[in-house]
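Note: the block below is entry_39.tsv and it holds TSV, C-alpha atoms and all ligand atoms.
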chain	number	residue	atom	x	y	z
V	1	MET	CA	75.08	-47.85	-57.97
V	2	PRO	CA	78.48	-48.15	-56.24
V	3	PRO	CA	78.35	-48.08	-52.45
V	4	SER	CA	79.97	-44.60	-52.18
V	5	ASN	CA	77.26	-43.12	-54.39
V	6	HIS	CA	74.70	-44.77	-52.22
V	7	ARG	CA	76.08	-43.04	-49.12
V	8	GLN	CA	76.14	-39.66	-50.83
V	9	THR	CA	72.46	-39.94	-51.68
V	10	LEU	CA	71.66	-40.80	-48.08
V	11	TRP	CA	73.53	-37.75	-46.77
V	12	PHE	CA	71.76	-35.58	-49.27
V	13	ILE	CA	68.32	-36.77	-48.13
V	14	LEU	CA	69.27	-36.26	-44.50
V	15	ALA	CA	70.51	-32.73	-45.13
V	16	LEU	CA	67.32	-31.89	-47.00
V	17	SER	CA	65.12	-33.04	-44.13
V	18	VAL	CA	66.96	-30.84	-41.61
V	19	VAL	CA	66.57	-27.61	-43.62
V	20	PRO	CA	62.80	-27.09	-42.97
V	21	LEU	CA	63.37	-27.38	-39.18
V	22	GLY	CA	65.20	-24.06	-39.32
V	23	ALA	CA	62.00	-22.40	-40.44
V	24	CYS	CA	60.34	-23.14	-37.13
V	25	GLN	CA	62.35	-20.50	-35.34
V	26	GLY	CA	62.45	-17.46	-37.54
V	27	GLU	CA	64.18	-14.20	-36.83
V	28	ALA	CA	61.18	-12.87	-34.89
V	29	THR	CA	61.66	-15.51	-32.20
V	30	TRP	CA	64.98	-14.11	-31.20
V	31	LYS	CA	64.37	-10.42	-31.72
V	32	ARG	CA	63.57	-8.64	-28.42
V	33	PRO	CA	60.13	-7.11	-28.55
V	34	SER	CA	59.72	-3.39	-28.08
V	35	PRO	CA	60.55	-2.26	-24.56
V	36	GLY	CA	57.77	-2.64	-22.01
V	37	LEU	CA	56.28	-5.63	-23.80
V	38	LYS	CA	56.99	-9.12	-22.66
V	39	ARG	CA	56.82	-12.28	-24.61
V	40	MET	CA	54.13	-14.70	-23.48
V	41	ILE	CA	56.64	-17.49	-22.84
V	42	GLU	CA	58.68	-15.26	-20.56
V	43	GLN	CA	55.87	-13.66	-18.59
V	44	PRO	CA	55.95	-14.07	-14.83
V	45	ARG	CA	53.11	-16.20	-13.51
V	46	VAL	CA	52.04	-17.50	-10.14
V	47	ASP	CA	50.75	-21.00	-9.76
V	48	ALA	CA	47.79	-21.69	-7.48
V	49	TYR	CA	48.83	-21.89	-3.81
V	50	GLU	CA	52.24	-20.40	-4.68
V	51	GLY	CA	53.40	-17.36	-2.77
V	52	GLU	CA	54.29	-14.13	-4.52
V	53	GLN	CA	56.95	-11.70	-3.40
V	54	ALA	CA	55.68	-8.16	-3.10
V	55	ALA	CA	57.78	-5.08	-3.88
V	56	ASP	CA	58.60	-4.64	-0.18
V	57	GLY	CA	60.10	-8.12	-0.10
V	58	THR	CA	57.29	-9.73	1.90
V	59	TRP	CA	55.57	-12.84	0.62
V	60	LYS	CA	51.88	-12.92	0.07
V	61	GLY	CA	49.62	-15.74	-0.94
V	62	ASN	CA	48.17	-15.97	-4.38
V	63	MET	CA	44.81	-17.23	-3.10
V	64	LEU	CA	42.13	-14.75	-2.09
V	65	LYS	CA	41.52	-14.48	1.63
V	66	PRO	CA	38.17	-16.08	2.58
V	67	PRO	CA	35.55	-13.58	3.79
V	68	GLN	CA	35.40	-12.92	7.51
V	69	GLY	CA	33.43	-15.43	9.51
V	70	THR	CA	34.08	-18.27	7.05
V	71	ILE	CA	33.98	-21.62	8.81
V	72	PRO	CA	36.48	-24.20	7.53
V	73	TYR	CA	34.75	-27.32	6.31
V	74	SER	CA	36.22	-30.68	5.53
V	75	PRO	CA	34.10	-33.78	5.88
V	76	VAL	CA	35.15	-36.09	8.69
V	77	PRO	CA	35.45	-39.71	7.59
V	78	GLN	CA	32.53	-41.60	9.13
V	79	SER	CA	32.00	-45.19	10.13
V	80	SER	CA	29.78	-47.37	7.95
V	81	ARG	CA	27.22	-47.72	10.76
V	82	PHE	CA	26.98	-43.92	10.85
V	83	LEU	CA	26.39	-43.87	7.09
V	84	SER	CA	24.03	-46.85	6.89
V	85	GLY	CA	22.53	-47.37	10.36
V	86	TYR	CA	23.63	-51.00	10.12
V	87	SER	CA	26.46	-52.91	11.71
V	88	GLU	CA	27.17	-56.47	10.58
V	89	ASN	CA	23.80	-56.62	8.78
V	90	GLU	CA	21.91	-55.66	11.94
V	91	PRO	CA	20.33	-52.24	12.51
V	92	VAL	CA	22.07	-50.48	15.38
V	93	ALA	CA	20.09	-49.85	18.58
V	94	PHE	CA	21.80	-46.57	19.40
V	95	ILE	CA	22.86	-43.33	17.72
V	96	PRO	CA	26.45	-43.78	16.51
V	97	THR	CA	27.60	-40.24	17.22
V	98	ARG	CA	27.88	-37.87	20.17
V	99	ILE	CA	24.53	-36.36	21.02
V	100	ASP	CA	23.67	-33.37	23.18
V	101	ARG	CA	20.82	-30.96	23.66
V	102	ARG	CA	21.64	-28.96	20.51
V	103	PHE	CA	21.69	-32.18	18.48
V	104	LEU	CA	18.22	-33.10	19.74
V	105	GLU	CA	16.82	-29.61	19.24
V	106	ARG	CA	18.09	-29.55	15.66
V	107	GLY	CA	16.37	-32.90	15.23
V	108	GLN	CA	13.11	-31.34	16.37
V	109	GLN	CA	13.47	-28.46	13.89
V	110	LEU	CA	14.18	-30.88	11.04
V	111	PHE	CA	11.31	-33.17	12.04
V	112	GLU	CA	9.01	-30.15	11.99
V	113	VAL	CA	10.12	-29.27	8.44
V	114	TYR	CA	10.53	-32.68	6.81
V	115	CYS	CA	8.34	-35.13	8.73
V	116	SER	CA	5.50	-33.25	10.40
V	117	PRO	CA	3.54	-32.53	7.18
V	118	CYS	CA	2.71	-36.26	7.09
V	119	HIS	CA	3.44	-37.50	10.61
V	120	GLY	CA	2.28	-34.41	12.55
V	121	SER	CA	4.42	-32.43	15.03
V	122	ASN	CA	3.44	-34.92	17.75
V	123	GLY	CA	3.98	-37.99	15.56
V	124	GLN	CA	0.32	-39.06	15.69
V	125	GLY	CA	0.06	-38.83	11.90
V	126	LYS	CA	-3.25	-36.92	11.81
V	127	THR	CA	-2.49	-34.08	9.42
V	128	PRO	CA	-4.30	-32.40	6.49
V	129	VAL	CA	-1.80	-34.15	4.20
V	130	SER	CA	-2.19	-37.63	5.67
V	131	GLN	CA	-5.98	-37.35	5.61
V	132	HIS	CA	-5.77	-37.24	1.83
V	133	MET	CA	-3.45	-40.22	1.57
V	134	ASN	CA	-4.82	-43.62	0.59
V	135	HIS	CA	-2.21	-45.17	2.82
V	136	PRO	CA	-1.66	-42.68	5.67
V	137	PRO	CA	1.40	-42.96	7.90
V	138	PRO	CA	1.03	-44.87	11.17
V	139	SER	CA	1.22	-43.08	14.50
V	140	LEU	CA	4.87	-43.13	15.58
V	141	HIS	CA	3.62	-44.02	19.08
V	142	GLU	CA	2.24	-47.41	18.08
V	143	LYS	CA	3.89	-50.36	19.73
V	144	GLU	CA	5.70	-51.53	16.57
V	145	MET	CA	6.93	-48.00	15.89
V	146	ARG	CA	8.31	-47.71	19.41
V	147	ALA	CA	10.07	-51.03	18.91
V	148	LEU	CA	11.93	-49.69	15.84
V	149	LYS	CA	15.64	-49.51	16.45
V	150	GLU	CA	17.52	-46.26	15.85
V	151	GLY	CA	19.20	-47.83	12.82
V	152	GLU	CA	15.82	-48.82	11.36
V	153	ILE	CA	14.42	-45.30	11.65
V	154	PHE	CA	17.63	-44.01	10.03
V	155	HIS	CA	17.15	-46.55	7.25
V	156	VAL	CA	13.52	-45.52	6.67
V	157	ILE	CA	14.53	-41.84	6.37
V	158	SER	CA	17.39	-42.73	4.01
V	159	GLN	CA	15.57	-45.20	1.75
V	160	GLY	CA	11.90	-44.41	2.24
V	161	GLU	CA	9.38	-47.12	3.04
V	162	GLY	CA	6.27	-48.08	1.11
V	163	PHE	CA	4.46	-44.81	0.49
V	164	MET	CA	7.02	-42.73	2.34
V	165	PRO	CA	9.64	-41.12	0.10
V	166	SER	CA	13.38	-41.17	0.79
V	167	LEU	CA	14.63	-37.96	2.36
V	168	ALA	CA	18.30	-38.67	1.68
V	169	ASN	CA	18.56	-35.72	-0.70
V	170	GLN	CA	17.15	-33.32	1.86
V	171	LEU	CA	18.93	-34.54	5.01
V	172	SER	CA	22.62	-35.31	5.49
V	173	GLU	CA	23.51	-38.43	7.50
V	174	ASN	CA	24.14	-36.31	10.57
V	175	GLU	CA	20.79	-34.56	10.16
V	176	ARG	CA	19.05	-37.92	9.79
V	177	TRP	CA	20.53	-39.05	13.12
V	178	GLN	CA	19.37	-35.76	14.64
V	179	VAL	CA	15.83	-36.56	13.46
V	180	VAL	CA	16.17	-40.12	14.80
V	181	SER	CA	17.14	-38.75	18.21
V	182	PHE	CA	14.03	-36.56	18.19
V	183	VAL	CA	11.71	-39.39	17.11
V	184	LYS	CA	13.03	-41.48	20.02
V	185	ALA	CA	12.57	-38.53	22.41
V	186	LEU	CA	9.04	-37.98	21.08
V	187	GLN	CA	8.18	-41.62	21.68
V	188	LEU	CA	9.74	-41.57	25.14
V	189	ALA	CA	7.79	-38.45	26.03
V	190	GLN	CA	4.51	-40.33	25.55
V	191	HIS	CA	5.71	-43.69	26.84
V	192	PRO	CA	8.42	-43.02	29.40
V	193	ARG	CA	10.43	-45.98	30.62
V	194	THR	CA	9.13	-45.59	34.12
V	195	GLY	CA	11.80	-47.91	35.51
V	196	ALA	CA	14.44	-45.31	34.65
V	197	LEU	CA	12.72	-42.55	36.62
V	198	PRO	CA	13.41	-41.66	40.26
V	199	GLN	CA	10.91	-43.26	42.68
V	200	PRO	CA	8.56	-40.31	43.50
V	201	VAL	CA	8.17	-39.42	39.81
V	202	ARG	CA	7.82	-43.10	38.91
V	203	SER	CA	4.75	-43.74	41.05
V	204	LYS	CA	3.17	-40.52	39.80
V	205	THR	CA	3.63	-41.37	36.09
V	206	GLN	CA	2.54	-44.97	36.63
V	207	ALA	CA	-0.65	-43.72	38.24
V	208	SER	CA	-1.37	-41.34	35.35
V	209	GLN	CA	-0.46	-43.93	32.70
V	210	SER	CA	-2.86	-46.55	34.01
V	211	THR	CA	-5.72	-44.14	33.38
V	212	GLU	CA	-4.59	-43.52	29.78
V	213	SER	CA	-5.54	-45.84	26.99
V	214	GLU	CA	-2.91	-47.22	24.60
V	215	PRO	CA	-2.92	-45.44	21.23
V	301	LIG	C1	5.05	-37.63	2.28
V	301	LIG	C2	4.66	-38.04	3.60
V	301	LIG	C3	5.73	-38.48	4.56
V	301	LIG	C4	6.84	-37.78	4.98
V	301	LIG	C5	7.30	-36.39	4.56
V	301	LIG	C6	7.50	-38.61	5.95
V	301	LIG	N1	6.83	-39.79	6.10
V	301	LIG	FE1	7.34	-41.31	7.31
V	301	LIG	N2	5.82	-42.42	6.56
V	301	LIG	C7	4.90	-41.99	5.64
V	301	LIG	C8	4.00	-43.09	5.29
V	301	LIG	C9	2.85	-43.02	4.30
V	301	LIG	C10	4.45	-44.20	6.04
V	301	LIG	C11	3.87	-45.61	5.99
V	301	LIG	C12	4.74	-46.36	5.00
V	301	LIG	C13	4.15	-47.68	4.60
V	301	LIG	O1	3.99	-48.52	5.48
V	301	LIG	O2	3.87	-47.80	3.42
V	301	LIG	C14	5.58	-43.74	6.84
V	301	LIG	C15	6.28	-44.54	7.70
V	301	LIG	C16	7.26	-44.09	8.57
V	301	LIG	C17	7.90	-44.88	9.58
V	301	LIG	C18	7.59	-46.33	9.89
V	301	LIG	C19	8.37	-47.22	8.97
V	301	LIG	C20	8.10	-48.70	9.23
V	301	LIG	O3	9.06	-49.43	9.46
V	301	LIG	O4	6.92	-49.10	9.17
V	301	LIG	C21	8.79	-44.08	10.22
V	301	LIG	C22	9.69	-44.46	11.38
V	301	LIG	C23	8.75	-42.80	9.58
V	301	LIG	N3	7.80	-42.83	8.57
V	301	LIG	C24	9.49	-41.71	9.94
V	301	LIG	C25	9.55	-40.54	9.20
V	301	LIG	C26	10.48	-39.47	9.48
V	301	LIG	C27	11.46	-39.45	10.64
V	301	LIG	C28	10.27	-38.52	8.54
V	301	LIG	C29	11.00	-37.22	8.36
V	301	LIG	C30	12.42	-37.30	8.16
V	301	LIG	C31	9.18	-38.97	7.70
V	301	LIG	N4	8.79	-40.20	8.12
V	301	LIG	C32	8.66	-38.25	6.64
V	301	LIG	C33	4.81	-40.73	5.12
V	301	LIG	C34	5.75	-39.75	5.26

Let's see the structure in the file written out as structure tokens.
Amino acid sequence: MPPSNHRQTLWFILALSVVPLGACQGEATWKRPSPGLKRMIEQPRVDAYEGEQAADGTWKGNMLKPPQGTIPYSPVPQSSRFLSGYSENEPVAFIPTRIDRRFLERGQQLFEVYCSPCHGSNGQGKTPVSQHMNHPPPSLHEKEMRALKEGEIFHVISQGEGFMPSLANQLSENERWQVVSFVKALQLAQHPRTGALPQPVRSKTQASQSTESEP
């Protein structure tokens, strides 16, 4: 085939391949639909979070207003010692958040719900549930229990220990610290650090403690 013929064939093939493209946009694409109807591709739409202009010219949000009394919630980033109870591989010996009376009282409520069935409201561990356990929980007032650091108690609640289940699914980190604060208060209530008390109260408690036996 001479070269000119060759080129003609090429043009012909090219032209042929363009023809079917025309079929993609038929007459209907360009015809205006009947009045009052809008084509899908031309319909107005509002994207989430986008404002919409009302007929009176004011702008209103697209999102629904939250119901009255809704409290905004966004988790505050927390330190790793708050989330784990450990700092540099050592359990912390304090509660790594701000505590107040409400915090402690919430801890008491949660202890009552989640811990008292086994440990008893007073932490002595003598409950109908524990009596049926082969390995009942220890009294939280025992010497070793009082020596537990805040971070260790947090860890036990988070991970469980021996026959005690983890309560991480039931209690948020903050709630676990609330329980820890109550456990510490409970222990202090039965074994006050007499040195920290004012003098008249100190001699009184020391006198009453010496008559009590250690649990
Ligand atoms: C289902 C019963 C049960 C529940 C509920 C429970 N515990 Fe325990 N807990 C135990 C038992 C049993 C042990 C003894 C674990 C062992 O030594 O095997 C224990 C041990 C402990 C210890 C001592 C851990 C140690 O280092 O020896 C602490 C502290 C403790 N529990 C706190 C709590 C707190 C706080 C809660 C509530 C958030 C709670 N427990 C809920 C049964 C329970």

Let me have the centre and edge lengths of the axis-aligned box enclosing all listed atoms of ligand LIG 301 (chain V) with 5 Å padding on every side, in Å to one decimal, as JSON.
{"center_x": 7.6, "center_y": -42.9, "center_z": 6.8, "size_x": 19.6, "size_y": 23.0, "size_z": 19.1}

Around ligand LIG 301 (chain V), which protein and nucleic acid residues have at least one atom no more than 9 Å from it, if we count only C-alpha atoms and all ligand atoms? List them as JSON, numbers by chain.
{"V": [110, 111, 112, 113, 114, 115, 116, 117, 118, 119, 123, 125, 129, 130, 133, 134, 135, 136, 137, 138, 139, 140, 144, 145, 146, 148, 152, 153, 154, 155, 156, 157, 158, 160, 161, 162, 163, 164, 165, 166, 167, 168, 170, 171, 176, 179, 180, 182, 183]}

Dump as a compact mmCIF listing (two decimals), in the coordinates of the input, selection limited to C-alpha atoms:
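Final output, again_30.txt:
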# COMPACT_ATOMS: atom_id res chain seq x y z
CA LEU V 110 14.18 -30.88 11.04
CA PHE V 111 11.31 -33.17 12.04
CA GLU V 112 9.01 -30.15 11.99
CA VAL V 113 10.12 -29.27 8.44
CA TYR V 114 10.53 -32.68 6.81
CA CYS V 115 8.34 -35.13 8.73
CA SER V 116 5.50 -33.25 10.40
CA PRO V 117 3.54 -32.53 7.18
CA CYS V 118 2.71 -36.26 7.09
CA HIS V 119 3.44 -37.50 10.61
CA GLY V 123 3.98 -37.99 15.56
CA GLY V 125 0.06 -38.83 11.90
CA VAL V 129 -1.80 -34.15 4.20
CA SER V 130 -2.19 -37.63 5.67
CA MET V 133 -3.45 -40.22 1.57
CA ASN V 134 -4.82 -43.62 0.59
CA HIS V 135 -2.21 -45.17 2.82
CA PRO V 136 -1.66 -42.68 5.67
CA PRO V 137 1.40 -42.96 7.90
CA PRO V 138 1.03 -44.87 11.17
CA SER V 139 1.22 -43.08 14.50
CA LEU V 140 4.87 -43.13 15.58
CA GLU V 144 5.70 -51.53 16.57
CA MET V 145 6.93 -48.00 15.89
CA ARG V 146 8.31 -47.71 19.41
CA LEU V 148 11.93 -49.69 15.84
CA GLU V 152 15.82 -48.82 11.36
CA ILE V 153 14.42 -45.30 11.65
CA PHE V 154 17.63 -44.01 10.03
CA HIS V 155 17.15 -46.55 7.25
CA VAL V 156 13.52 -45.52 6.67
CA ILE V 157 14.53 -41.84 6.37
CA SER V 158 17.39 -42.73 4.01
CA GLY V 160 11.90 -44.41 2.24
CA GLU V 161 9.38 -47.12 3.04
CA GLY V 162 6.27 -48.08 1.11
CA PHE V 163 4.46 -44.81 0.49
CA MET V 164 7.02 -42.73 2.34
CA PRO V 165 9.64 -41.12 0.10
CA SER V 166 13.38 -41.17 0.79
CA LEU V 167 14.63 -37.96 2.36
CA ALA V 168 18.30 -38.67 1.68
CA GLN V 170 17.15 -33.32 1.86
CA LEU V 171 18.93 -34.54 5.01
CA ARG V 176 19.05 -37.92 9.79
CA VAL V 179 15.83 -36.56 13.46
CA VAL V 180 16.17 -40.12 14.80
CA PHE V 182 14.03 -36.56 18.19
CA VAL V 183 11.71 -39.39 17.11

Atom pair CA of Pro96 (chain V) + CA of Ser172 (chain V), distance 14.4 Å

Quick check, in Å to one decimal: how far apart do CA of Gln190 (chain V) and CA of His141 (chain V) lie?
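Going from CA of Gln190 (chain V) over to CA of His141 (chain V) covers 7.5 Å.
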
Show me, as a list in words, the residues that have an atom within 12 Å of Arg101 (chain V) when counting all atoms listed in the file, minus same-chain residues fewer than 5 positions from it.
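My reading of the contact set: Arg106, Gly107, Gln108, Gln178, Ser181, Phe182 and Ala185 of chain V.
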
Work out how far CA of Glu150 (chain V) is from CA of Phe94 (chain V), in Å to one decimal.
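Distance reported for this atom pair: 5.6 Å.
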
Could you add whatever atoms are missing so that region 74-88 of chain V carries N, CA and C atoms, then write the result as a compact mmCIF listing (two decimals), in the coordinates of the input?
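Ended up saving to part_6.txt:
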# COMPACT_ATOMS: atom_id res chain seq x y z
N SER V 74 35.71 -29.51 6.25
CA SER V 74 36.22 -30.68 5.53
C SER V 74 35.52 -31.87 6.15
N PRO V 75 34.89 -32.70 5.33
CA PRO V 75 34.10 -33.78 5.88
C PRO V 75 34.97 -34.74 6.70
N VAL V 76 34.43 -35.14 7.84
CA VAL V 76 35.15 -36.09 8.69
C VAL V 76 34.81 -37.49 8.20
N PRO V 77 35.79 -38.36 8.02
CA PRO V 77 35.45 -39.71 7.59
C PRO V 77 34.55 -40.38 8.64
N GLN V 78 33.49 -41.02 8.18
CA GLN V 78 32.53 -41.60 9.13
C GLN V 78 32.49 -43.11 9.01
N SER V 79 32.10 -43.73 10.11
CA SER V 79 32.00 -45.19 10.13
C SER V 79 30.83 -45.63 9.25
N SER V 80 30.86 -46.90 8.83
CA SER V 80 29.78 -47.37 7.95
C SER V 80 28.46 -47.44 8.71
N ARG V 81 28.50 -47.68 10.03
CA ARG V 81 27.22 -47.72 10.76
C ARG V 81 26.63 -46.32 10.85
N PHE V 82 27.49 -45.30 10.86
CA PHE V 82 26.98 -43.92 10.85
C PHE V 82 26.33 -43.62 9.51
N LEU V 83 26.90 -44.16 8.43
CA LEU V 83 26.39 -43.87 7.09
C LEU V 83 25.21 -44.73 6.70
N SER V 84 25.09 -45.94 7.32
CA SER V 84 24.03 -46.85 6.89
C SER V 84 23.03 -47.17 8.00
N GLY V 85 23.42 -46.99 9.25
CA GLY V 85 22.53 -47.37 10.36
C GLY V 85 22.62 -48.85 10.67
N TYR V 86 23.49 -49.57 9.93
CA TYR V 86 23.63 -51.00 10.12
C TYR V 86 25.05 -51.36 10.55
N SER V 87 25.16 -52.38 11.35
CA SER V 87 26.46 -52.91 11.71
C SER V 87 26.36 -54.43 11.62
N GLU V 88 27.20 -55.02 10.84
CA GLU V 88 27.17 -56.47 10.58
C GLU V 88 25.75 -56.94 10.24
